[in-house]
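**Q** The structure file coords-v7.pdb (PDB, C-alpha atoms, pLDDT in the B column) is provided below.
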```pdb
ATOM      1  CA  MET A   1      -2.561  19.967 -16.529  1.00 68.00           C
ATOM      2  CA  SER A   2       0.840  18.577 -17.384  1.00 89.00           C
ATOM      3  CA  ILE A   3       3.698  17.700 -15.055  1.00 87.00           C
ATOM      4  CA  GLY A   4       5.570  20.809 -16.176  1.00 85.00           C
ATOM      5  CA  LYS A   5       2.677  23.050 -15.162  1.00 88.00           C
ATOM      6  CA  ASP A   6       1.964  21.134 -11.953  1.00 88.00           C
ATOM      7  CA  ILE A   7       5.508  21.627 -10.643  1.00 87.00           C
ATOM      8  CA  ASN A   8       6.291  24.886 -12.486  1.00 84.00           C
ATOM      9  CA  GLN A   9       9.121  23.370 -14.476  1.00 86.00           C
ATOM     10  CA  GLY A  10       9.319  24.188 -18.153  1.00 83.00           C
ATOM     11  CA  ARG A  11      12.149  21.946 -19.230  1.00 90.00           C
ATOM     12  CA  PHE A  12      13.312  18.430 -18.568  1.00 93.00           C
ATOM     13  CA  ASN A  13      16.573  16.786 -19.626  1.00 94.00           C
ATOM     14  CA  ASN A  14      14.673  14.345 -21.852  1.00 95.00           C
ATOM     15  CA  GLU A  15      11.443  12.345 -21.953  1.00 93.00           C
ATOM     16  CA  TYR A  16      12.844   9.732 -19.531  1.00 94.00           C
ATOM     17  CA  HIS A  17      13.613  12.445 -16.977  1.00 94.00           C
ATOM     18  CA  LYS A  18      10.151  13.933 -17.475  1.00 92.00           C
ATOM     19  CA  ALA A  19       8.504  10.511 -17.059  1.00 94.00           C
ATOM     20  CA  SER A  20      10.508   9.773 -13.886  1.00 94.00           C
ATOM     21  CA  VAL A  21       9.589  13.115 -12.330  1.00 94.00           C
ATOM     22  CA  ASN A  22       5.967  12.589 -13.356  1.00 94.00           C
ATOM     23  CA  LEU A  23       5.956   9.093 -11.831  1.00 95.00           C
ATOM     24  CA  LEU A  24       7.328  10.367  -8.505  1.00 95.00           C
ATOM     25  CA  TYR A  25       4.966  13.347  -8.444  1.00 94.00           C
ATOM     26  CA  THR A  26       1.971  11.149  -9.285  1.00 95.00           C
ATOM     27  CA  TYR A  27       2.964   8.547  -6.680  1.00 94.00           C
ATOM     28  CA  ASN A  28       2.962  11.249  -3.994  1.00 95.00           C
ATOM     29  CA  TRP A  29      -0.354  12.652  -5.269  1.00 95.00           C
ATOM     30  CA  VAL A  30      -1.984   9.199  -5.210  1.00 96.00           C
ATOM     31  CA  MET A  31      -0.576   8.481  -1.727  1.00 94.00           C
ATOM     32  CA  GLU A  32      -2.098  11.710  -0.387  1.00 96.00           C
ATOM     33  CA  LYS A  33      -5.497  10.657  -1.746  1.00 96.00           C
ATOM     34  CA  ILE A  34      -5.118   7.167  -0.241  1.00 95.00           C
ATOM     35  CA  LYS A  35      -4.118   8.716   3.114  1.00 96.00           C
ATOM     36  CA  GLU A  36      -7.356  10.725   3.076  1.00 96.00           C
ATOM     37  CA  VAL A  37      -9.473   7.588   2.583  1.00 95.00           C
ATOM     38  CA  CYS A  38      -7.511   5.564   5.164  1.00 96.00           C
ATOM     39  CA  SER A  39      -7.696   8.333   7.744  1.00 96.00           C
ATOM     40  CA  GLU A  40     -11.493   7.996   7.748  1.00 94.00           C
ATOM     41  CA  GLU A  41     -10.905   4.661   9.546  1.00 94.00           C
ATOM     42  CA  ASN A  42      -7.969   6.009  11.591  1.00 96.00           C
ATOM     43  CA  LEU A  43      -5.445   4.026   9.530  1.00 97.00           C
ATOM     44  CA  THR A  44      -2.275   4.874   7.675  1.00 95.00           C
ATOM     45  CA  PRO A  45      -1.757   3.379   4.208  1.00 95.00           C
ATOM     46  CA  GLN A  46       0.915   1.078   5.684  1.00 95.00           C
ATOM     47  CA  GLN A  47      -1.470  -0.137   8.398  1.00 96.00           C
ATOM     48  CA  PHE A  48      -4.157  -0.720   5.758  1.00 96.00           C
ATOM     49  CA  ASN A  49      -1.666  -2.681   3.647  1.00 95.00           C
ATOM     50  CA  MET A  50      -0.658  -4.805   6.635  1.00 96.00           C
ATOM     51  CA  LEU A  51      -4.258  -5.571   7.567  1.00 97.00           C
ATOM     52  CA  ARG A  52      -4.964  -6.685   3.989  1.00 96.00           C
ATOM     53  CA  ILE A  53      -1.903  -8.960   4.070  1.00 97.00           C
ATOM     54  CA  LEU A  54      -3.024 -10.494   7.361  1.00 97.00           C
ATOM     55  CA  ARG A  55      -6.585 -10.948   6.143  1.00 97.00           C
ATOM     56  CA  GLY A  56      -5.217 -12.740   3.091  1.00 96.00           C
ATOM     57  CA  SER A  57      -3.334 -15.233   5.257  1.00 96.00           C
ATOM     58  CA  TYR A  58      -6.137 -15.702   7.799  1.00 95.00           C
ATOM     59  CA  PRO A  59      -6.538 -17.985   9.705  1.00 93.00           C
ATOM     60  CA  GLU A  60      -2.781 -18.559   9.473  1.00 92.00           C
ATOM     61  CA  PRO A  61      -0.678 -15.954  11.306  1.00 93.00           C
ATOM     62  CA  LEU A  62       2.386 -14.427   9.663  1.00 93.00           C
ATOM     63  CA  SER A  63       5.768 -13.524  11.098  1.00 90.00           C
ATOM     64  CA  THR A  64       6.890  -9.926  10.907  1.00 89.00           C
ATOM     65  CA  LEU A  65       9.452 -11.032   8.306  1.00 89.00           C
ATOM     66  CA  GLN A  66       6.733 -12.565   6.119  1.00 92.00           C
ATOM     67  CA  ILE A  67       4.667  -9.394   6.468  1.00 94.00           C
ATOM     68  CA  ARG A  68       7.634  -7.175   5.560  1.00 92.00           C
ATOM     69  CA  GLN A  69       8.273  -9.260   2.431  1.00 93.00           C
ATOM     70  CA  ARG A  70       4.675  -8.670   1.297  1.00 94.00           C
ATOM     71  CA  MET A  71       4.439  -4.976   2.177  1.00 93.00           C
ATOM     72  CA  LEU A  72       4.165  -2.485  -0.656  1.00 89.00           C
ATOM     73  CA  ASP A  73       6.481  -0.113   1.192  1.00 85.00           C
ATOM     74  CA  LYS A  74       9.546  -2.244   1.934  1.00 79.00           C
ATOM     75  CA  MET A  75      10.974   0.525   4.137  1.00 77.00           C
ATOM     76  CA  SER A  76       8.097   0.280   6.610  1.00 75.00           C
ATOM     77  CA  ASP A  77       8.987  -0.453  10.220  1.00 89.00           C
ATOM     78  CA  THR A  78       6.916  -3.618  10.430  1.00 91.00           C
ATOM     79  CA  SER A  79       7.284  -4.109  14.185  1.00 90.00           C
ATOM     80  CA  ARG A  80       6.178  -0.568  14.951  1.00 94.00           C
ATOM     81  CA  ILE A  81       3.142  -0.878  12.658  1.00 95.00           C
ATOM     82  CA  VAL A  82       2.196  -4.169  14.341  1.00 95.00           C
ATOM     83  CA  ASP A  83       2.483  -2.517  17.764  1.00 95.00           C
ATOM     84  CA  ARG A  84       0.216   0.354  16.680  1.00 96.00           C
ATOM     85  CA  LEU A  85      -2.344  -2.070  15.270  1.00 97.00           C
ATOM     86  CA  ILE A  86      -2.269  -4.024  18.556  1.00 97.00           C
ATOM     87  CA  VAL A  87      -3.065  -0.832  20.486  1.00 97.00           C
ATOM     88  CA  LYS A  88      -6.047  -0.300  18.154  1.00 97.00           C
ATOM     89  CA  GLY A  89      -7.170  -3.900  18.724  1.00 97.00           C
ATOM     90  CA  LEU A  90      -6.852  -4.760  15.031  1.00 98.00           C
ATOM     91  CA  VAL A  91      -4.173  -7.460  15.321  1.00 98.00           C
ATOM     92  CA  LYS A  92      -2.699  -9.664  18.022  1.00 97.00           C
ATOM     93  CA  LYS A  93       0.707 -11.237  18.282  1.00 93.00           C
ATOM     94  CA  SER A  94       2.068 -14.302  19.976  1.00 90.00           C
ATOM     95  CA  ILE A  95       5.175 -16.436  19.927  1.00 86.00           C
ATOM     96  CA  SER A  96       5.143 -18.742  16.912  1.00 72.00           C
ATOM     97  CA  ALA A  97       4.321 -22.344  17.770  1.00 72.00           C
ATOM     98  CA  LYS A  98       6.652 -23.503  14.981  1.00 75.00           C
ATOM     99  CA  ASP A  99       9.648 -21.339  15.880  1.00 77.00           C
ATOM    100  CA  LYS A 100       9.905 -19.774  19.341  1.00 79.00           C
ATOM    101  CA  ARG A 101      12.186 -17.055  17.952  1.00 82.00           C
ATOM    102  CA  LEU A 102       9.442 -15.682  15.696  1.00 82.00           C
ATOM    103  CA  VAL A 103       6.487 -13.457  16.512  1.00 86.00           C
ATOM    104  CA  ALA A 104       3.223 -14.584  14.910  1.00 92.00           C
ATOM    105  CA  VAL A 105       0.776 -11.832  13.938  1.00 96.00           C
ATOM    106  CA  LEU A 106      -2.927 -12.476  13.344  1.00 96.00           C
ATOM    107  CA  ILE A 107      -5.730 -10.121  12.357  1.00 97.00           C
ATOM    108  CA  THR A 108      -8.534  -9.806  14.942  1.00 97.00           C
ATOM    109  CA  ALA A 109     -12.293  -9.730  14.358  1.00 97.00           C
ATOM    110  CA  GLN A 110     -12.131  -5.955  14.856  1.00 98.00           C
ATOM    111  CA  GLY A 111      -9.370  -5.777  12.237  1.00 97.00           C
ATOM    112  CA  LYS A 112     -11.522  -7.701   9.774  1.00 97.00           C
ATOM    113  CA  GLU A 113     -14.469  -5.390  10.508  1.00 97.00           C
ATOM    114  CA  THR A 114     -12.265  -2.364   9.840  1.00 97.00           C
ATOM    115  CA  LEU A 115     -11.217  -3.861   6.504  1.00 96.00           C
ATOM    116  CA  GLU A 116     -14.860  -4.484   5.621  1.00 96.00           C
ATOM    117  CA  LYS A 117     -15.459  -0.758   6.123  1.00 95.00           C
ATOM    118  CA  MET A 118     -12.472  -0.058   3.882  1.00 95.00           C
ATOM    119  CA  ASP A 119     -13.825  -2.528   1.300  1.00 94.00           C
ATOM    120  CA  ALA A 120     -16.948  -0.359   1.126  1.00 94.00           C
ATOM    121  CA  LYS A 121     -14.667   2.528   0.120  1.00 94.00           C
ATOM    122  CA  GLN A 122     -13.204   0.604  -2.848  1.00 91.00           C
ATOM    123  CA  VAL A 123     -15.081   2.732  -5.374  1.00 92.00           C
ATOM    124  CA  GLU A 124     -13.657   5.837  -3.706  1.00 93.00           C
ATOM    125  CA  MET A 125     -10.163   4.296  -3.888  1.00 93.00           C
ATOM    126  CA  ASP A 126     -10.676   3.311  -7.537  1.00 93.00           C
ATOM    127  CA  ASN A 127     -11.824   6.831  -8.344  1.00 94.00           C
ATOM    128  CA  ILE A 128      -8.401   8.161  -7.375  1.00 94.00           C
ATOM    129  CA  ILE A 129      -7.351   7.103 -10.868  1.00 94.00           C
ATOM    130  CA  GLY A 130     -10.930   7.112 -12.162  1.00 93.00           C
ATOM    131  CA  ASN A 131     -10.180   9.483 -15.012  1.00 93.00           C
ATOM    132  CA  LEU A 132      -8.615   6.459 -16.746  1.00 95.00           C
ATOM    133  CA  ASN A 133     -10.869   3.913 -18.395  1.00 95.00           C
ATOM    134  CA  ALA A 134     -10.318   0.209 -17.662  1.00 95.00           C
ATOM    135  CA  ASP A 135      -8.143  -0.294 -20.764  1.00 97.00           C
ATOM    136  CA  GLU A 136      -5.964   2.712 -19.859  1.00 96.00           C
ATOM    137  CA  ALA A 137      -5.621   1.476 -16.274  1.00 95.00           C
ATOM    138  CA  SER A 138      -4.542  -1.930 -17.598  1.00 96.00           C
ATOM    139  CA  THR A 139      -2.032  -0.322 -19.967  1.00 96.00           C
ATOM    140  CA  LEU A 140      -0.657   1.816 -17.147  1.00 96.00           C
ATOM    141  CA  SER A 141      -0.254  -1.255 -14.958  1.00 94.00           C
ATOM    142  CA  ASP A 142       1.534  -3.096 -17.783  1.00 95.00           C
ATOM    143  CA  LEU A 143       3.868  -0.136 -18.351  1.00 94.00           C
ATOM    144  CA  LEU A 144       4.704   0.084 -14.645  1.00 93.00           C
ATOM    145  CA  ASP A 145       5.438  -3.662 -14.612  1.00 93.00           C
ATOM    146  CA  LYS A 146       7.690  -3.150 -17.636  1.00 92.00           C
ATOM    147  CA  ILE A 147       9.652  -0.405 -15.856  1.00 91.00           C
ATOM    148  CA  ARG A 148      10.356  -2.674 -12.859  1.00 87.00           C
ATOM    149  CA  HIS A 149      11.205  -5.770 -14.843  1.00 89.00           C
ATOM    150  CA  ILE A 150      13.979  -4.180 -16.873  1.00 75.00           C
ATOM    151  CA  HIS A 151      16.052  -4.286 -13.680  1.00 64.00           C
ATOM    152  CA  ASN A 152      14.853  -7.692 -12.459  1.00 59.00           C
ATOM    153  CA  GLU A 153      15.833  -9.837 -15.426  1.00 54.00           C
TER     154      GLU A 153
END
```
Spell out the structure here as C-alpha cells.
**A**
Amino acid sequence: MSIGKDINQGRFNNEYHKASVNLLYTYNWVMEKIKEVCSEENLTPQQFNMLRILRGSYPEPLSTLQIRQRMLDKMSDTSRIVDRLIVKGLVKKSISAKDKRLVAVLITAQGKETLEKMDAKQVEMDNIIGNLNADEASTLSDLLDKIRHIHNE
C-alpha cells in the first residue's frame, strides 16, 4: 500500500507534502502498535517511556523537570504520569535531599520487574517496523535525524 491508498488521497501538493503526511500517518500507526504492546502490561507508551528513563538513572532519582526533558513526548503531563505510576506501585516520589523545592522520582522494584517483562517483548516491538532490514532501519533513522537537524542548526 502507499500513503495515497491508505488515506484515500490521490494527490499531494508535492513530494514534501506527501512525505510529511506519510510521516504523520506512520507515526500514528506505529503509536497504535506500541500502545497494544504496552497495554499488555497495563502501561501507556508515556508511562513506559518514563519507566525506562527512571531505570536508566537508577539508583539516582530524577526530578519531574529532568524526566520531562528526557521524555519522547514533550507535551506529556509528567506529574500526572508520575502520580499514575505511584498508584500502580511502579515509582515512588520524595522531596529531593538536594533541593527541597524539587520532587525526586525513583523507580521501584515492581517498576523494574514490569520493565523486564517489557524487555521480553522487544522482538515484538522491533517487529512493528520489521518489514525493514537493519540497513533500511538505519537509513530511516538517519533520514529522520536529518529532518530534525535542519531546524536545530
**Q** Using all atoms listed in the file, which of the listed residues (A:Asp77, A:Glu32, A:Asp83, A:Glu15) sits closest to Val105 of chain A?
**A**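 Answer, going by the shortest atom-to-atom distance: A:Asp83.
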**Q** Go through A:Gln47, A:Asn8, A:Ser63, A:Asn28 and flag the residue nearest Leu115 of chain A, using all atoms listed in the file for the distances.
**A**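 For Leu115 of chain A, the nearest of the candidates is A:Gln47.
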**Q** Between atom CA of Ile95 of chain A and atom CA of Thr64 of chain A, what is the distance, to one decimal in Å?
**A** 11.3 Å
**Q** Hey, can you check how far atom CA of Ala104 of chain A sits from atom CA of Cys38 of chain A?
**A**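 Computed distance, atom CA of Ala104 of chain A to atom CA of Cys38 of chain A, equals 24.8 Å.
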**Q** Report as a PyMOL selection string the full result of the PyMOL selection byres ((chain A and resi 114) around 12) when it is applied to this structure.
**A** chain A and resi 38-43+47-48+51-52+55+85+88-91+107-113+115-121
**Q** Keeping C-alpha atoms for every residue in the selection just given, could you write it to a file as a compact mmCIF listing (two decimals), in the frame of the given file?
**A**
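Below is the file that was written, part39.txt:
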```txt
# COMPACT_ATOMS: atom_id res chain seq x y z
CA CYS A 38 -7.51 5.56 5.16
CA SER A 39 -7.70 8.33 7.74
CA GLU A 40 -11.49 8.00 7.75
CA GLU A 41 -10.90 4.66 9.55
CA ASN A 42 -7.97 6.01 11.59
CA LEU A 43 -5.44 4.03 9.53
CA GLN A 47 -1.47 -0.14 8.40
CA PHE A 48 -4.16 -0.72 5.76
CA LEU A 51 -4.26 -5.57 7.57
CA ARG A 52 -4.96 -6.68 3.99
CA ARG A 55 -6.58 -10.95 6.14
CA LEU A 85 -2.34 -2.07 15.27
CA LYS A 88 -6.05 -0.30 18.15
CA GLY A 89 -7.17 -3.90 18.72
CA LEU A 90 -6.85 -4.76 15.03
CA VAL A 91 -4.17 -7.46 15.32
CA ILE A 107 -5.73 -10.12 12.36
CA THR A 108 -8.53 -9.81 14.94
CA ALA A 109 -12.29 -9.73 14.36
CA GLN A 110 -12.13 -5.96 14.86
CA GLY A 111 -9.37 -5.78 12.24
CA LYS A 112 -11.52 -7.70 9.77
CA GLU A 113 -14.47 -5.39 10.51
CA LEU A 115 -11.22 -3.86 6.50
CA GLU A 116 -14.86 -4.48 5.62
CA LYS A 117 -15.46 -0.76 6.12
CA MET A 118 -12.47 -0.06 3.88
CA ASP A 119 -13.82 -2.53 1.30
CA ALA A 120 -16.95 -0.36 1.13
CA LYS A 121 -14.67 2.53 0.12
```
**Q** My list of candidates is A:Leu54, A:Val103, A:Leu143, A:Met31. Which is closest to Ile67 of chain A when distances are computed with only C-alpha atoms?
**A**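 So, comparing all the options, the nearest one is A:Leu54.
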**Q** In Å, rounded to a single decimal, give me how far atom CA of Ser79 of chain A is from atom CA of Pro61 of chain A.
**A**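 Atom-to-atom, atom CA of Pro61 of chain A to atom CA of Ser79 of chain A, that is 14.6 Å.
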**Q** Give the answer as one residue: which of A:Lys146, A:Leu106, A:Ser141, A:Tyr58 has the shortest atom-to-atom distance to Ile129 of chain A, using all atoms listed in the file?
**A**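 Closest to Ile129 of chain A, using all atoms listed in the file: A:Ser141.
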**Q** Can you tell me which residues surround Gly4 of chain A at a distance of at most 12 Å, considering all atoms listed in the file, apart from same-chain residues fewer than 2 positions away, and format the answer as a ChimeraX atom specification?
**A** /A:1-2,6-12,15,17-19,21-22,25
**Q** Keeping C-alpha atoms for every residue in the selection just given, could you write it to a file as an mmCIF file, keeping the file's coordinate frame?
**A**
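Okay, this is what ended up in result.cif:
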```
data_model
loop_
_atom_site.group_PDB
_atom_site.id
_atom_site.type_symbol
_atom_site.label_atom_id
_atom_site.label_comp_id
_atom_site.auth_asym_id
_atom_site.auth_seq_id
_atom_site.Cartn_x
_atom_site.Cartn_y
_atom_site.Cartn_z
ATOM 1 C CA MET A 1 -2.561 19.967 -16.529
ATOM 2 C CA SER A 2 0.840 18.577 -17.384
ATOM 3 C CA ASP A 6 1.964 21.134 -11.953
ATOM 4 C CA ILE A 7 5.508 21.627 -10.643
ATOM 5 C CA ASN A 8 6.291 24.886 -12.486
ATOM 6 C CA GLN A 9 9.121 23.370 -14.476
ATOM 7 C CA GLY A 10 9.319 24.188 -18.153
ATOM 8 C CA ARG A 11 12.149 21.946 -19.230
ATOM 9 C CA PHE A 12 13.312 18.430 -18.568
ATOM 10 C CA GLU A 15 11.443 12.345 -21.953
ATOM 11 C CA HIS A 17 13.613 12.445 -16.977
ATOM 12 C CA LYS A 18 10.151 13.933 -17.475
ATOM 13 C CA ALA A 19 8.504 10.511 -17.059
ATOM 14 C CA VAL A 21 9.589 13.115 -12.330
ATOM 15 C CA ASN A 22 5.967 12.589 -13.356
ATOM 16 C CA TYR A 25 4.966 13.347 -8.444
#
```
**Q** Just checking: using only C-alpha atoms, which residue out of A:Asp135, A:Asp145, A:Asp99, A:Asp126 ends up closest to Lys33 of chain A?
**A** A:Asp126
**Q** Can you save segment 64-113 of chain A of the given block to a file, including C-alpha atoms and formatted as a compact mmCIF listing (two decimals), in the first residue's frame?
**A**
```txt
# COMPACT_ATOMS: atom_id res chain seq x y z
CA THR A 64 9.98 15.80 37.24
CA LEU A 65 11.76 18.51 35.23
CA GLN A 66 14.63 16.15 34.39
CA ILE A 67 12.13 13.46 33.39
CA ARG A 68 10.18 15.89 31.18
CA GLN A 69 13.40 16.92 29.41
CA ARG A 70 14.10 13.27 28.55
CA MET A 71 10.57 12.27 27.54
CA LEU A 72 9.92 11.45 23.91
CA ASP A 73 6.58 13.24 24.09
CA LYS A 74 7.47 16.69 25.42
CA MET A 75 3.77 17.53 25.82
CA SER A 76 3.25 14.79 28.41
CA ASP A 77 1.92 15.85 31.79
CA THR A 78 4.86 14.49 33.75
CA SER A 79 3.34 14.99 37.20
CA ARG A 80 0.15 13.18 36.27
CA ILE A 81 2.09 10.25 34.78
CA VAL A 82 4.21 10.03 37.94
CA ASP A 83 1.05 10.00 40.07
CA ARG A 84 -0.45 7.17 37.99
CA LEU A 85 2.77 5.16 38.24
CA ILE A 86 2.77 5.68 42.03
CA VAL A 87 -0.76 4.25 42.24
CA LYS A 88 0.48 1.20 40.30
CA GLY A 89 3.44 0.87 42.67
CA LEU A 90 5.96 1.32 39.86
CA VAL A 91 7.63 4.51 41.12
CA LYS A 92 7.89 6.44 44.36
CA LYS A 93 8.50 10.10 44.97
CA SER A 94 10.01 12.09 47.77
CA ILE A 95 11.29 15.58 48.41
CA SER A 96 14.76 16.00 46.93
CA ALA A 97 17.53 15.96 49.52
CA LYS A 98 19.50 18.45 47.40
CA ASP A 99 16.68 20.94 46.78
CA LYS A 100 13.58 20.90 48.99
CA ARG A 101 11.57 22.54 46.21
CA LEU A 102 12.02 19.55 43.90
CA VAL A 103 10.24 16.20 43.86
CA ALA A 104 12.57 13.23 43.39
CA VAL A 105 11.16 10.25 41.48
CA LEU A 106 12.66 6.76 41.70
CA ILE A 107 11.65 3.51 40.02
CA THR A 108 10.58 0.73 42.43
CA ALA A 109 11.48 -2.96 42.31
CA GLN A 110 8.00 -3.59 40.89
CA GLY A 111 8.67 -0.96 38.22
CA LYS A 112 11.91 -2.68 37.27
CA GLU A 113 10.10 -6.04 37.11
```
